[in-house]
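Here is entry37.csv, consisting of CSV, C-alpha atoms:
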```
chain,number,residue,atom,x,y,z
A,206,MET,CA,71.7,-8.9,-27.7
A,207,ALA,CA,70.4,-8.9,-31.3
A,208,ASP,CA,73.0,-10.1,-33.8
A,209,PHE,CA,71.5,-8.2,-36.7
A,210,HIS,CA,72.1,-11.3,-38.9
A,211,GLN,CA,70.2,-11.2,-42.2
A,212,SER,CA,69.3,-14.3,-44.2
A,213,GLY,CA,66.6,-15.3,-46.6
A,214,SER,CA,64.6,-13.1,-49.0
A,215,ILE,CA,62.9,-10.8,-46.4
A,216,ALA,CA,64.3,-8.2,-44.0
A,217,THR,CA,64.7,-9.2,-40.4
A,218,LEU,CA,64.3,-6.2,-37.9
A,219,HIS,CA,65.8,-7.0,-34.5
A,220,ASN,CA,64.9,-6.0,-30.9
A,221,LEU,CA,67.9,-4.2,-29.4
A,222,ARG,CA,66.9,-4.9,-25.8
A,223,SER,CA,69.0,-2.1,-24.3
A,224,ALA,CA,67.1,0.5,-26.2
A,225,SER,CA,63.9,2.1,-25.0
A,226,THR,CA,60.7,2.0,-27.1
A,227,GLU,CA,59.7,5.4,-25.9
A,228,ALA,CA,61.0,7.2,-29.0
A,229,MET,CA,59.3,4.6,-31.2
A,230,THR,CA,56.0,5.1,-29.4
A,231,ASN,CA,56.3,8.9,-29.8
A,232,GLU,CA,56.9,8.5,-33.5
A,233,LEU,CA,53.9,6.2,-33.8
A,234,SER,CA,51.7,8.8,-32.2
A,235,THR,CA,52.9,11.3,-34.8
A,236,PHE,CA,52.3,8.8,-37.7
A,237,GLY,CA,48.9,8.0,-36.3
A,238,MET,CA,47.7,11.6,-36.7
A,239,ASN,CA,47.9,11.2,-40.5
A,240,ARG,CA,47.9,7.4,-40.9
A,241,LYS,CA,45.4,6.0,-38.4
A,242,ILE,CA,46.3,2.7,-36.8
A,243,ASN,CA,43.8,0.0,-35.9
A,244,LEU,CA,44.1,-3.2,-34.0
A,245,ILE,CA,42.1,-6.4,-34.6
A,246,LEU,CA,41.6,-8.7,-31.6
A,247,PRO,CA,40.0,-12.1,-32.6
A,248,SER,CA,38.6,-13.5,-29.4
A,249,LEU,CA,36.7,-16.5,-28.2
A,250,PHE,CA,34.3,-15.7,-25.3
A,251,SER,CA,36.2,-18.2,-23.2
A,252,GLU,CA,39.3,-16.0,-23.4
A,253,LEU,CA,37.5,-13.3,-21.4
A,254,GLU,CA,37.7,-15.6,-18.5
A,255,GLY,CA,41.4,-16.4,-18.9
A,256,GLU,CA,44.4,-14.8,-17.3
A,257,ALA,CA,45.9,-13.2,-20.4
A,258,LEU,CA,43.2,-10.9,-21.8
A,259,PRO,CA,42.7,-8.7,-18.7
A,260,ALA,CA,46.4,-8.0,-18.7
A,261,ILE,CA,46.4,-7.3,-22.4
A,262,ILE,CA,43.7,-4.7,-21.9
A,263,ASP,CA,45.8,-3.0,-19.2
A,264,GLU,CA,48.7,-2.9,-21.6
A,265,LEU,CA,46.7,-1.5,-24.5
A,266,ASN,CA,45.5,1.3,-22.2
A,267,LYS,CA,49.1,2.5,-22.2
A,268,VAL,CA,49.1,2.8,-26.0
A,269,PRO,CA,48.6,6.4,-27.2
A,270,TYR,CA,48.6,5.9,-31.0
A,271,LEU,CA,45.7,3.5,-31.6
A,272,ASN,CA,42.8,4.9,-33.5
A,273,LYS,CA,40.4,2.0,-32.8
A,274,ILE,CA,40.4,-1.6,-31.6
A,275,VAL,CA,38.0,-4.0,-33.5
A,276,ILE,CA,37.1,-7.0,-31.4
A,277,GLY,CA,35.8,-10.1,-33.1
A,278,LEU,CA,33.8,-12.1,-30.5
A,279,ASP,CA,33.2,-15.7,-31.3
A,280,ARG,CA,31.0,-18.4,-29.5
A,281,ALA,CA,29.0,-16.0,-27.4
A,282,THR,CA,25.4,-16.0,-26.4
A,283,GLU,CA,23.4,-12.8,-25.9
A,284,ALA,CA,24.2,-12.9,-22.1
A,285,GLU,CA,27.9,-13.5,-22.9
A,286,TYR,CA,27.9,-10.6,-25.4
A,287,ARG,CA,26.4,-8.3,-22.8
A,288,TYR,CA,29.2,-9.5,-20.4
A,289,ALA,CA,31.8,-8.9,-23.1
A,290,ARG,CA,30.6,-5.3,-23.6
A,291,GLN,CA,31.1,-4.7,-19.8
A,292,PHE,CA,34.4,-6.5,-19.9
A,293,PHE,CA,35.9,-4.4,-22.7
A,294,SER,CA,34.4,-1.2,-21.3
A,295,ARG,CA,37.6,-0.8,-19.4
A,296,LEU,CA,39.4,-0.1,-22.6
A,297,LYS,CA,40.3,3.6,-22.9
A,298,VAL,CA,40.8,3.2,-26.7
A,299,ASN,CA,37.8,3.6,-28.9
A,300,HIS,CA,36.6,0.1,-29.7
A,301,ASP,CA,33.9,-1.9,-31.5
A,302,ILE,CA,32.7,-5.4,-30.8
A,303,LEU,CA,31.6,-7.7,-33.6
A,304,TRP,CA,29.1,-10.2,-32.1
A,305,ASN,CA,29.7,-12.8,-34.8
A,306,ASP,CA,27.0,-15.2,-33.4
A,307,GLY,CA,24.4,-12.4,-33.0
A,308,PRO,CA,21.3,-12.3,-35.2
A,309,ARG,CA,22.4,-9.2,-37.2
A,310,LEU,CA,25.8,-10.5,-38.2
A,311,GLN,CA,24.4,-13.9,-38.8
A,312,ALA,CA,22.0,-12.3,-41.2
A,313,ILE,CA,25.0,-10.8,-43.0
A,314,ASP,CA,26.5,-14.2,-43.1
A,315,GLU,CA,23.3,-15.7,-44.6
A,316,ARG,CA,23.5,-13.2,-47.5
A,317,LEU,CA,27.1,-14.3,-48.1
A,318,LYS,CA,26.1,-17.9,-48.1
A,319,LYS,CA,23.5,-17.3,-50.8
A,320,LEU,CA,26.3,-15.8,-52.9
A,321,ALA,CA,28.6,-18.8,-52.0
A,322,LEU,CA,31.0,-16.3,-50.4
A,323,SER,CA,30.7,-17.2,-46.8
A,324,PRO,CA,33.6,-18.8,-44.9
A,325,ASN,CA,33.2,-22.6,-44.9
A,326,GLU,CA,33.9,-23.2,-41.3
A,327,PRO,CA,34.2,-21.3,-38.0
A,328,GLY,CA,37.6,-20.4,-36.6
A,329,LYS,CA,40.1,-17.7,-36.2
A,330,GLY,CA,40.4,-17.1,-40.0
A,331,ARG,CA,36.7,-16.4,-40.3
A,332,ASN,CA,36.8,-14.1,-37.3
A,333,VAL,CA,39.8,-12.1,-38.7
A,334,TRP,CA,38.1,-12.0,-42.1
A,335,PHE,CA,35.0,-10.4,-40.8
A,336,CYS,CA,37.0,-7.9,-38.7
A,337,ILE,CA,39.0,-7.0,-41.9
A,338,GLY,CA,35.7,-6.4,-43.8
A,339,TYR,CA,34.4,-4.2,-41.0
A,340,THR,CA,37.7,-2.2,-40.9
A,341,LEU,CA,37.5,-1.7,-44.7
A,342,ALA,CA,33.9,-0.6,-44.4
A,343,GLN,CA,34.9,2.1,-41.9
A,344,ALA,CA,37.6,3.4,-44.3
A,345,GLU,CA,39.6,5.1,-41.6
A,346,ALA,CA,42.8,3.1,-40.9
A,347,ALA,CA,45.9,3.1,-42.9
A,348,VAL,CA,47.5,0.4,-40.9
A,349,VAL,CA,45.9,-2.7,-39.3
A,350,ALA,CA,47.6,-5.0,-36.7
A,351,VAL,CA,46.3,-8.4,-35.5
A,352,HIS,CA,47.4,-10.4,-32.5
A,353,ASP,CA,46.0,-13.1,-30.3
A,354,CYS,CA,44.2,-12.7,-27.0
A,355,ASP,CA,46.0,-15.5,-25.1
A,356,VAL,CA,49.5,-14.0,-24.8
A,357,VAL,CA,50.3,-14.2,-21.1
A,358,THR,CA,53.6,-12.2,-21.4
A,359,TYR,CA,52.0,-9.4,-23.4
A,360,SER,CA,53.4,-5.8,-23.2
A,361,ALA,CA,52.6,-2.7,-25.1
A,362,ASP,CA,56.1,-2.7,-26.5
A,363,MET,CA,55.2,-5.8,-28.6
A,364,LEU,CA,52.5,-3.8,-30.5
A,365,ALA,CA,54.8,-0.9,-31.0
A,366,ARG,CA,57.5,-3.0,-32.6
A,367,LEU,CA,55.0,-4.9,-34.7
A,368,VAL,CA,53.3,-1.8,-36.1
A,369,TYR,CA,56.3,0.5,-36.5
A,370,PRO,CA,57.7,-1.0,-39.8
A,371,VAL,CA,54.4,-0.6,-41.7
A,372,ALA,CA,53.3,2.7,-40.0
A,373,ASN,CA,56.6,4.5,-40.8
A,374,PRO,CA,56.0,6.1,-44.2
A,375,ALA,CA,59.7,6.1,-44.9
A,376,PHE,CA,59.8,2.3,-44.8
A,377,PRO,CA,58.9,0.2,-47.8
A,378,TYR,CA,57.1,-2.5,-45.9
A,379,GLN,CA,53.5,-3.4,-46.6
A,380,MET,CA,53.4,-6.3,-44.1
A,381,SER,CA,55.3,-7.1,-40.9
A,382,LYS,CA,55.3,-10.4,-39.1
A,383,GLY,CA,56.3,-10.9,-35.5
A,384,PHE,CA,58.8,-13.4,-34.2
A,385,TYR,CA,60.2,-14.3,-30.8
A,386,PRO,CA,61.7,-17.2,-28.9
A,387,ARG,CA,59.2,-19.7,-27.5
A,388,VAL,CA,60.6,-20.4,-24.1
A,389,ALA,CA,58.6,-20.5,-20.8
A,390,ASP,CA,58.8,-22.5,-17.5
A,391,ARG,CA,62.3,-23.8,-18.5
A,392,LYS,CA,60.8,-25.5,-21.5
A,393,LEU,CA,61.4,-25.1,-25.3
A,394,ASN,CA,57.9,-24.5,-26.8
A,395,GLY,CA,56.6,-23.8,-30.3
A,396,ARG,CA,56.3,-27.5,-31.2
A,397,VAL,CA,54.4,-27.0,-34.5
A,398,SER,CA,56.9,-24.6,-35.9
A,399,ARG,CA,59.9,-26.5,-34.7
A,400,LEU,CA,58.8,-30.0,-35.3
A,401,LEU,CA,56.4,-29.7,-38.3
A,402,VAL,CA,56.9,-26.5,-40.3
A,403,THR,CA,60.7,-26.3,-40.3
A,404,PRO,CA,61.5,-29.9,-41.3
A,405,LEU,CA,58.5,-30.0,-43.6
A,406,LEU,CA,59.7,-27.0,-45.6
A,407,GLN,CA,63.2,-28.7,-45.8
A,408,ALA,CA,61.6,-31.9,-46.9
A,409,LEU,CA,59.5,-30.2,-49.6
A,410,LYS,CA,62.6,-28.5,-51.0
A,411,LYS,CA,64.4,-31.9,-51.1
A,412,VAL,CA,61.6,-33.8,-52.8
A,413,LEU,CA,60.2,-31.1,-55.1
A,414,GLY,CA,63.3,-29.1,-55.8
A,415,GLN,CA,64.0,-25.4,-55.4
A,416,ARG,CA,60.9,-23.2,-55.1
A,417,ASP,CA,60.9,-19.4,-54.5
A,418,TYR,CA,57.7,-19.9,-52.4
A,419,LEU,CA,59.4,-22.4,-50.1
A,420,ASP,CA,62.5,-20.2,-49.8
A,421,PHE,CA,60.2,-17.3,-48.9
A,422,LEU,CA,58.5,-19.2,-46.1
A,423,SER,CA,61.8,-20.6,-44.9
A,424,SER,CA,63.0,-17.0,-44.4
A,425,PHE,CA,60.6,-16.5,-41.4
A,426,ARG,CA,61.9,-17.4,-38.0
A,427,TYR,CA,58.5,-18.1,-36.6
A,428,PRO,CA,56.0,-18.5,-39.5
A,429,LEU,CA,53.1,-19.5,-37.2
A,430,ALA,CA,53.2,-16.3,-35.1
A,431,GLY,CA,49.8,-14.9,-34.7
A,432,GLU,CA,51.1,-11.3,-34.7
A,433,PHE,CA,51.2,-9.4,-38.0
A,434,ALA,CA,50.5,-5.9,-39.3
A,435,MET,CA,49.6,-4.7,-42.8
A,436,ARG,CA,49.0,-1.4,-44.6
A,437,THR,CA,45.2,-1.3,-45.3
A,438,ALA,CA,45.7,-0.9,-49.0
A,439,ILE,CA,46.6,-4.5,-49.5
A,440,LEU,CA,43.7,-6.0,-47.5
A,441,PRO,CA,40.9,-6.0,-50.2
A,442,ASP,CA,42.8,-8.5,-52.3
A,443,MET,CA,44.0,-10.8,-49.5
A,444,ARG,CA,42.6,-14.3,-49.5
A,445,ILE,CA,42.9,-16.2,-46.3
A,446,PRO,CA,42.0,-19.7,-45.0
A,447,SER,CA,39.2,-20.0,-42.5
A,448,ASP,CA,40.9,-22.9,-40.7
A,449,TRP,CA,44.1,-23.1,-38.6
A,450,GLY,CA,46.2,-22.5,-41.8
A,451,LEU,CA,45.6,-18.8,-41.3
A,452,GLU,CA,49.2,-17.8,-40.7
A,453,ILE,CA,50.6,-19.9,-43.5
A,454,GLY,CA,47.8,-18.7,-45.8
A,455,LEU,CA,48.6,-15.0,-45.1
A,456,LEU,CA,52.3,-15.5,-45.8
A,457,SER,CA,51.3,-17.3,-49.0
A,458,GLU,CA,49.2,-14.3,-50.1
A,459,ALA,CA,52.0,-11.9,-49.2
A,460,TRP,CA,54.3,-13.9,-51.4
A,461,ARG,CA,51.8,-13.9,-54.2
A,462,ASN,CA,50.8,-10.2,-54.0
A,463,LEU,CA,53.9,-8.4,-52.7
A,464,SER,CA,57.6,-8.3,-53.5
A,465,PRO,CA,59.9,-9.7,-50.8
A,466,GLN,CA,61.2,-6.2,-50.3
A,467,ALA,CA,57.7,-5.2,-49.1
A,468,VAL,CA,57.6,-7.8,-46.3
A,469,CYS,CA,59.6,-7.9,-43.1
A,470,GLN,CA,59.8,-9.9,-39.9
A,471,VAL,CA,60.3,-8.0,-36.6
A,472,GLU,CA,61.5,-9.4,-33.3
A,473,ILE,CA,58.7,-8.1,-30.9
A,474,SER,CA,59.8,-9.8,-27.7
A,475,ASP,CA,62.5,-11.8,-25.9
A,476,ARG,CA,59.9,-13.3,-23.6
A,477,TYR,CA,56.7,-14.8,-25.1
A,478,ASP,CA,54.2,-17.4,-23.9
A,479,HIS,CA,50.6,-18.1,-24.6
A,480,LYS,CA,47.9,-20.8,-24.1
A,481,HIS,CA,49.3,-24.2,-25.2
A,482,GLN,CA,47.2,-26.6,-27.3
A,483,ASP,CA,47.0,-30.3,-26.5
A,484,LEU,CA,48.7,-32.6,-29.0
A,485,SER,CA,45.4,-34.5,-29.3
A,486,LEU,CA,46.7,-37.9,-30.2
A,487,ASP,CA,43.3,-39.5,-30.1
A,488,ASP,CA,41.2,-36.9,-32.0
A,489,ALA,CA,42.4,-35.5,-35.4
A,490,ASN,CA,39.8,-32.7,-35.2
A,491,LYS,CA,41.3,-31.0,-32.2
A,492,GLY,CA,44.4,-29.4,-30.9
A,493,LEU,CA,47.8,-29.6,-32.6
A,494,SER,CA,46.7,-32.6,-34.6
A,495,ARG,CA,44.1,-30.6,-36.4
A,496,MET,CA,46.4,-27.6,-36.7
A,497,SER,CA,49.1,-29.7,-38.4
A,498,VAL,CA,46.6,-31.1,-41.0
A,499,ASP,CA,45.3,-27.6,-41.8
A,500,ILE,CA,48.8,-26.2,-42.2
A,501,CYS,CA,49.9,-29.1,-44.5
A,502,LYS,CA,46.7,-28.6,-46.6
A,503,ALA,CA,47.5,-24.8,-46.9
A,504,LEU,CA,51.0,-25.6,-48.1
A,505,TYR,CA,49.8,-28.3,-50.6
A,506,ARG,CA,47.1,-26.0,-52.0
A,507,LYS,CA,49.6,-23.2,-52.6
A,508,LEU,CA,52.1,-25.4,-54.2
A,509,ALA,CA,49.5,-26.9,-56.5
A,510,ALA,CA,48.2,-23.5,-57.4
A,511,ASP,CA,51.8,-22.7,-58.5
A,512,GLY,CA,51.9,-25.7,-60.9
A,513,THR,CA,53.4,-28.4,-58.7
A,514,VAL,CA,52.0,-31.8,-59.4
A,515,LEU,CA,51.3,-33.7,-56.2
A,516,SER,CA,50.4,-37.4,-56.0
A,517,GLU,CA,50.2,-40.1,-53.3
A,518,GLU,CA,53.7,-41.2,-54.2
A,519,VAL,CA,55.0,-37.7,-53.8
A,520,PHE,CA,53.3,-37.4,-50.4
A,521,ARG,CA,55.0,-40.7,-49.3
A,522,SER,CA,58.4,-39.3,-50.2
A,523,ILE,CA,57.6,-36.1,-48.4
A,524,LYS,CA,56.6,-38.0,-45.3
A,525,ALA,CA,59.7,-40.2,-45.2
A,526,THR,CA,62.0,-37.3,-45.9
A,527,TYR,CA,60.2,-35.1,-43.2
A,528,TYR,CA,60.4,-37.9,-40.6
A,529,ARG,CA,64.2,-38.3,-40.9
A,530,MET,CA,64.8,-34.5,-40.9
A,531,ALA,CA,62.5,-33.9,-37.9
A,532,LEU,CA,64.3,-36.6,-35.9
A,533,ASP,CA,67.7,-35.0,-36.7
A,534,LEU,CA,66.3,-31.6,-35.6
A,535,ILE,CA,65.3,-33.1,-32.2
A,536,ASP,CA,68.9,-33.8,-31.5
A,537,THR,CA,69.7,-30.1,-32.2
A,538,TYR,CA,66.9,-28.8,-30.1
A,539,TYR,CA,67.9,-31.1,-27.2
A,540,ASN,CA,71.5,-29.8,-27.3
A,541,ASP,CA,70.4,-26.2,-27.6
A,542,ALA,CA,68.0,-26.7,-24.6
A,543,ARG,CA,70.8,-28.2,-22.5
A,544,MET,CA,73.1,-25.3,-23.4
A,545,ASN,CA,70.5,-22.9,-22.1
A,546,GLY,CA,69.5,-24.8,-19.0
A,547,LEU,CA,66.1,-25.8,-20.5
A,548,ASP,CA,64.2,-29.0,-20.3
A,549,LEU,CA,63.3,-31.0,-23.4
A,550,ASP,CA,61.4,-34.3,-23.3
A,551,ARG,CA,62.8,-36.4,-26.2
A,552,HIS,CA,60.0,-38.9,-25.9
A,553,ALA,CA,57.3,-36.2,-26.2
A,554,GLU,CA,59.2,-34.6,-29.1
A,555,GLU,CA,59.3,-37.9,-31.0
A,556,THR,CA,55.7,-38.6,-30.3
A,557,ALA,CA,54.8,-35.2,-31.8
A,558,VAL,CA,56.9,-36.0,-34.9
A,559,GLU,CA,55.2,-39.3,-35.4
A,560,LEU,CA,51.8,-37.7,-35.2
A,561,PHE,CA,52.8,-34.9,-37.6
A,562,ALA,CA,54.3,-37.5,-40.1
A,563,ALA,CA,51.0,-39.3,-40.1
A,564,ASN,CA,49.1,-36.1,-40.6
A,565,ILE,CA,51.3,-35.1,-43.6
A,566,MET,CA,49.9,-38.2,-45.3
A,567,GLN,CA,46.3,-37.5,-44.0
A,568,ALA,CA,46.4,-33.9,-45.3
A,569,GLY,CA,47.7,-35.3,-48.7
A,570,SER,CA,44.8,-37.7,-48.9
A,571,VAL,CA,42.3,-34.9,-48.1
A,572,PHE,CA,43.9,-32.8,-50.8
A,573,LEU,CA,43.8,-35.6,-53.4
A,574,ASP,CA,40.2,-36.5,-52.5
A,575,ASN,CA,38.9,-33.0,-52.7
A,576,PRO,CA,40.5,-31.4,-55.8
A,577,MET,CA,37.6,-28.9,-56.2
A,578,GLU,CA,37.7,-27.7,-52.6
A,579,THR,CA,37.9,-23.9,-52.4
A,580,PRO,CA,41.0,-23.3,-50.3
A,581,PHE,CA,40.5,-19.6,-49.3
A,582,ILE,CA,37.7,-17.3,-48.1
A,583,PRO,CA,36.9,-14.9,-51.1
A,584,ASN,CA,38.7,-11.6,-50.8
A,585,TRP,CA,36.7,-8.4,-49.9
A,586,SER,CA,37.1,-7.0,-53.4
A,587,ARG,CA,35.0,-9.9,-54.8
A,588,VAL,CA,32.4,-9.6,-51.9
A,589,ASN,CA,32.0,-5.9,-52.5
A,590,ALA,CA,31.5,-6.6,-56.3
A,591,ALA,CA,28.9,-9.2,-55.6
A,592,ASP,CA,27.0,-7.2,-53.0
A,593,PRO,CA,28.0,-3.6,-52.9
A,594,ALA,CA,25.8,-2.8,-49.9
A,595,ILE,CA,27.1,-5.5,-47.6
A,596,LEU,CA,29.9,-3.5,-46.0
A,597,THR,CA,27.6,-0.6,-45.2
A,598,ASP,CA,25.1,-3.1,-43.8
A,599,MET,CA,27.8,-4.6,-41.7
A,600,LEU,CA,28.5,-1.2,-40.2
A,601,LYS,CA,24.8,-0.8,-39.4
A,602,ALA,CA,24.5,-4.3,-37.9
A,603,VAL,CA,27.3,-3.5,-35.4
A,604,ALA,CA,25.9,-0.1,-34.7
A,605,ASP,CA,22.4,-1.5,-34.1
A,606,ASP,CA,23.9,-4.1,-31.7
A,607,ASN,CA,25.6,-1.3,-29.9
A,608,ALA,CA,22.5,0.7,-29.7
A,609,GLU,CA,20.3,-2.2,-28.4
A,610,PHE,CA,22.7,-3.5,-25.9
A,611,GLY,CA,24.7,-0.4,-25.0
```

Target encoding C-alpha cells, full file:
Amino acid sequence: MADFHQSGSIATLHNLRSASTEAMTNELSTFGMNRKINLILPSLFSELEGEALPAIIDELNKVPYLNKIVIGLDRATEAEYRYARQFFSRLKVNHDILWNDGPRLQAIDERLKKLALSPNEPGKGRNVWFCIGYTLAQAEAAVVAVHDCDVVTYSADMLARLVYPVANPAFPYQMSKGFYPRVADRKLNGRVSRLLVTPLLQALKKVLGQRDYLDFLSSFRYPLAGEFAMRTAILPDMRIPSDWGLEIGLLSEAWRNLSPQAVCQVEISDRYDHKHQDLSLDDANKGLSRMSVDICKALYRKLAADGTVLSEEVFRSIKATYYRMALDLIDTYYNDARMNGLDLDRHAEETAVELFAANIMQAGSVFLDNPMETPFIPNWSRVNAADPAILTDMLKAVADDNAEFG
C-alpha cells in the first residue's frame, strides 16, 4: 500500500494498488483526442529476439490512447531491418521505424557531422535523440513517453501511470519520471542506483557542500529508471548525453530548464524486472563498469557547468567518502532484504562498490584530461537553426525507407 510520503523538491505520485487504472486509461483516451500522445521505443535489433519485446507489443496493443509509436532501431543490417518491419507489423498502433544504420538516415547523420552536430558515439542516448528529432519534425504529439524494450514484467498500466501526469492538462507537470522497486527472483536488484548513485550523491554533498542540483537528484527514488514522459514543448531545448549517462543527463536538463514544481516522479509498478548487465570487472568499456563511468562523468560535467571547481584532490576525497558510505548502505540493504525474505550477496555487493569506487576516480581523470569535451548532443533548436531542412529530410528518409521496403 502506498504511504503517500512526500520528501525532496519534487512531487511523488504513488501507485494505490487497490485502485483500477481503467478510469485513468479512459481519461487518457479523452486527453489524447486533443493532446496526441506518442511513445518512443529505442531498440537494439537483438532485443527483437529476446523474451521481453514480444510481450511488450502485446501489452501496447491494449492501449487505446496512443497516437503513434516511434521505434528507433539500432545495429540492424538490411535483412534485419526487413525482419524488424515484419516483427513490428503486429502492432495495432500506428508506428514508424527509424532504421538508424540504413543509408538514408546515415546520410542525415553525415550532414550533421559536417556541422559538428552529430552525436559523438552510438548508444541509447543517440537513438532517443534521433527519435525526438523525428517526433518534432512530425509536429503532432503534445506528449512523448520513452521506455526501454527489455522490461520482462511490462504491463500497459505502467505506460498509463507514466503518461498521465503530463497528459492531464490540469496538472502542472512538464516531465514525469517512473520509479519502482527492483526486486526479482528473491533478489534485490538495481545495483547501480543503490550502490553507486545513492552513496555518490551523499558523498558529493558532504565533500562539496549543499547544492540545489544534488538535492534535486536525491529527490528521485530511482534516478536511473529508463521510463520518462515529457510535454513536447520542452523537447527542442533538451540536451542529452549520447552515452549511458542519458537518465542523469535528462534529469540535469530538467533541473536546468524547469522548476521543481514542473517535475514529478510516479510509481508505475510494484513488480519490475528487465535484462541485467554484467558487472564487467575486466573490461571498463562494457556492462555496469562503463555505465558507472558515464554516470560519474555526467555528474561531474553538470557540477562544473554550475561553477564547482573539481580537482584530483577533490576526486580523491569523493572516492574515500563514497566508499565508506556505500559500505554502510550495504548493511542497510542486507537487513532490508532479510526482513522481506530476499537474498543479498554481501561479497558481490562489496565487489561492485570496489569497482564503482575505482571508476569514480577514473571518470574524474577522464574529466580532467578532456576539459574541452562537449558533454551533450546539441539540442534540436540548434540543429534546426544550422540546417532548417534537416527535419523535413529526416521525415522523407523514413518515408522512403518505408516505401522501398514496405

Option closest in space to A:Glu452, from A:Ile261, A:Val351, A:Val412, A:Ile274 [counting only C-alpha atoms]: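 Answer, going by the shortest atom-to-atom distance: A:Val351.
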
Suppose you want the space between atom CA of A:Gly330 and atom CA of A:Ser424; what is it in Å?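 Answer for the atom CA of A:Gly330 to atom CA of A:Ser424 separation: 23.0 Å.
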
Please provide the set of residues having any atom within 12 Å of stretch 315-318 of chain A, restricted to only C-alpha atoms, with same-chain residues fewer than 4 positions apart removed, written as a VMD selection string. chain A and resid 306 308 to 311 322 to 326 335 582 to 583 585 587 to 589 591 to 596 598 to 599

Take the point (52.0, 3.5, -32.4) as written in the file and pick out every residue within 7 Å of it, counting only C-alpha atoms; give the list as a PyMOL selection string. chain A and resi 230+233-234+237+269-271+365+368-369

Between A:Lys241, A:Arg391, A:His352, A:Arg331, single out the one closest to A:Asp314, counting only C-alpha atoms.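 Among the listed residues, A:Arg331 lies closest to A:Asp314.
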
Pick from A:Asp390, A:Asp475, A:Glu285, A:Asp499 nearest to A:Asp548, counting only C-alpha atoms: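 Closest residue, counting only C-alpha atoms: A:Asp390.
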
Identify which of the residues A:Leu419, A:Ile262, A:Leu547, A:Ile242 lies closest to A:Pro404, counting only C-alpha atoms when measuring atom-to-atom distances.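 Among the listed residues, the smallest separation from A:Pro404 belongs to A:Leu419.
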
By how many Å are atom CA of A:Ala350 and atom CA of A:Asn607 apart?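 Computing the Euclidean distance for atom CA of A:Ala350 and atom CA of A:Asn607 yields 23.3 Å.
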
Atom-to-atom span, atom CA of A:Gly307 and atom CA of A:Leu600, Å: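 So the two atoms, atom CA of A:Gly307 and atom CA of A:Leu600, lie 13.9 Å apart.
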
Which of these, A:Ser381, A:Asn540, A:Ser457, A:Ser522, has the shortest distance to A:Leu393 once you count all atoms listed in the file? A:Asn540

All residues 10 Å or closer to A:Gly569, all atoms listed in the file, same chain fewer than 3 positions away omitted, as a ChimeraX atom specification: /A:498,501-502,505-506,515-517,519-521,523-524,564-566,572-575

Just-selected residues, C-alpha atoms written as a PDB file, keeping the file's coordinate frame:
```pdb
ATOM      1  CA  VAL A 498      46.600 -31.100 -41.000  1.00  0.00           C
ATOM      2  CA  CYS A 501      49.900 -29.100 -44.500  1.00  0.00           C
ATOM      3  CA  LYS A 502      46.700 -28.600 -46.600  1.00  0.00           C
ATOM      4  CA  TYR A 505      49.800 -28.300 -50.600  1.00  0.00           C
ATOM      5  CA  ARG A 506      47.100 -26.000 -52.000  1.00  0.00           C
ATOM      6  CA  LEU A 515      51.300 -33.700 -56.200  1.00  0.00           C
ATOM      7  CA  SER A 516      50.400 -37.400 -56.000  1.00  0.00           C
ATOM      8  CA  GLU A 517      50.200 -40.100 -53.300  1.00  0.00           C
ATOM      9  CA  VAL A 519      55.000 -37.700 -53.800  1.00  0.00           C
ATOM     10  CA  PHE A 520      53.300 -37.400 -50.400  1.00  0.00           C
ATOM     11  CA  ARG A 521      55.000 -40.700 -49.300  1.00  0.00           C
ATOM     12  CA  ILE A 523      57.600 -36.100 -48.400  1.00  0.00           C
ATOM     13  CA  LYS A 524      56.600 -38.000 -45.300  1.00  0.00           C
ATOM     14  CA  ASN A 564      49.100 -36.100 -40.600  1.00  0.00           C
ATOM     15  CA  ILE A 565      51.300 -35.100 -43.600  1.00  0.00           C
ATOM     16  CA  MET A 566      49.900 -38.200 -45.300  1.00  0.00           C
ATOM     17  CA  PHE A 572      43.900 -32.800 -50.800  1.00  0.00           C
ATOM     18  CA  LEU A 573      43.800 -35.600 -53.400  1.00  0.00           C
ATOM     19  CA  ASP A 574      40.200 -36.500 -52.500  1.00  0.00           C
ATOM     20  CA  ASN A 575      38.900 -33.000 -52.700  1.00  0.00           C
TER      21      ASN A 575
END
```

Tell me which of A:Glu345, A:Glu458, A:Met530, A:Ile313 sits closest to A:Ala510, counting all atoms listed in the file. A:Glu458

Write out as a PyMOL selection string each polymer residue whose atoms come within 7 Å of stretch 560-563 of chain A, counting only C-alpha atoms; drop sequence neighbours fewer than 3 positions from it. chain A and resi 401+497+524+528+556-557+566-567

Can you pull out every residue within 10 Å of A:Ala430, counting only C-alpha atoms, but drop anything in the same chain fewer than 4 positions away, and send it as a list in words?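 Within the cut-off, the hits are His352, Asp353, Lys382, Gly383, Phe384, Tyr385, Gly395, Ser398, Phe425, Arg426, Glu452 and Ile453 of chain A.
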
What would the file look like if the residues just selected were written as a short mmCIF file (atom, residue, chain, number, x, y, z; two decimals), in the frame of the given file with C-alpha atoms?
```
data_model
loop_
_atom_site.label_atom_id
_atom_site.label_comp_id
_atom_site.auth_asym_id
_atom_site.auth_seq_id
_atom_site.Cartn_x
_atom_site.Cartn_y
_atom_site.Cartn_z
CA HIS A 352 47.40 -10.40 -32.50
CA ASP A 353 46.00 -13.10 -30.30
CA LYS A 382 55.30 -10.40 -39.10
CA GLY A 383 56.30 -10.90 -35.50
CA PHE A 384 58.80 -13.40 -34.20
CA TYR A 385 60.20 -14.30 -30.80
CA GLY A 395 56.60 -23.80 -30.30
CA SER A 398 56.90 -24.60 -35.90
CA PHE A 425 60.60 -16.50 -41.40
CA ARG A 426 61.90 -17.40 -38.00
CA GLU A 452 49.20 -17.80 -40.70
CA ILE A 453 50.60 -19.90 -43.50
#
```

Within 10 Å of A:Leu451 using all atoms listed in the file, minus same-chain residues under 4 positions, as a list in words: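 Returned residues: Gly328, Lys329, Gly330, Arg331, Val333, Leu429, Gly431, Arg444, Ile445, Pro446, Ser447, Leu455, Leu456, Ser457, Met496, Asp499, Ile500, Ala503 and Phe581 of chain A.
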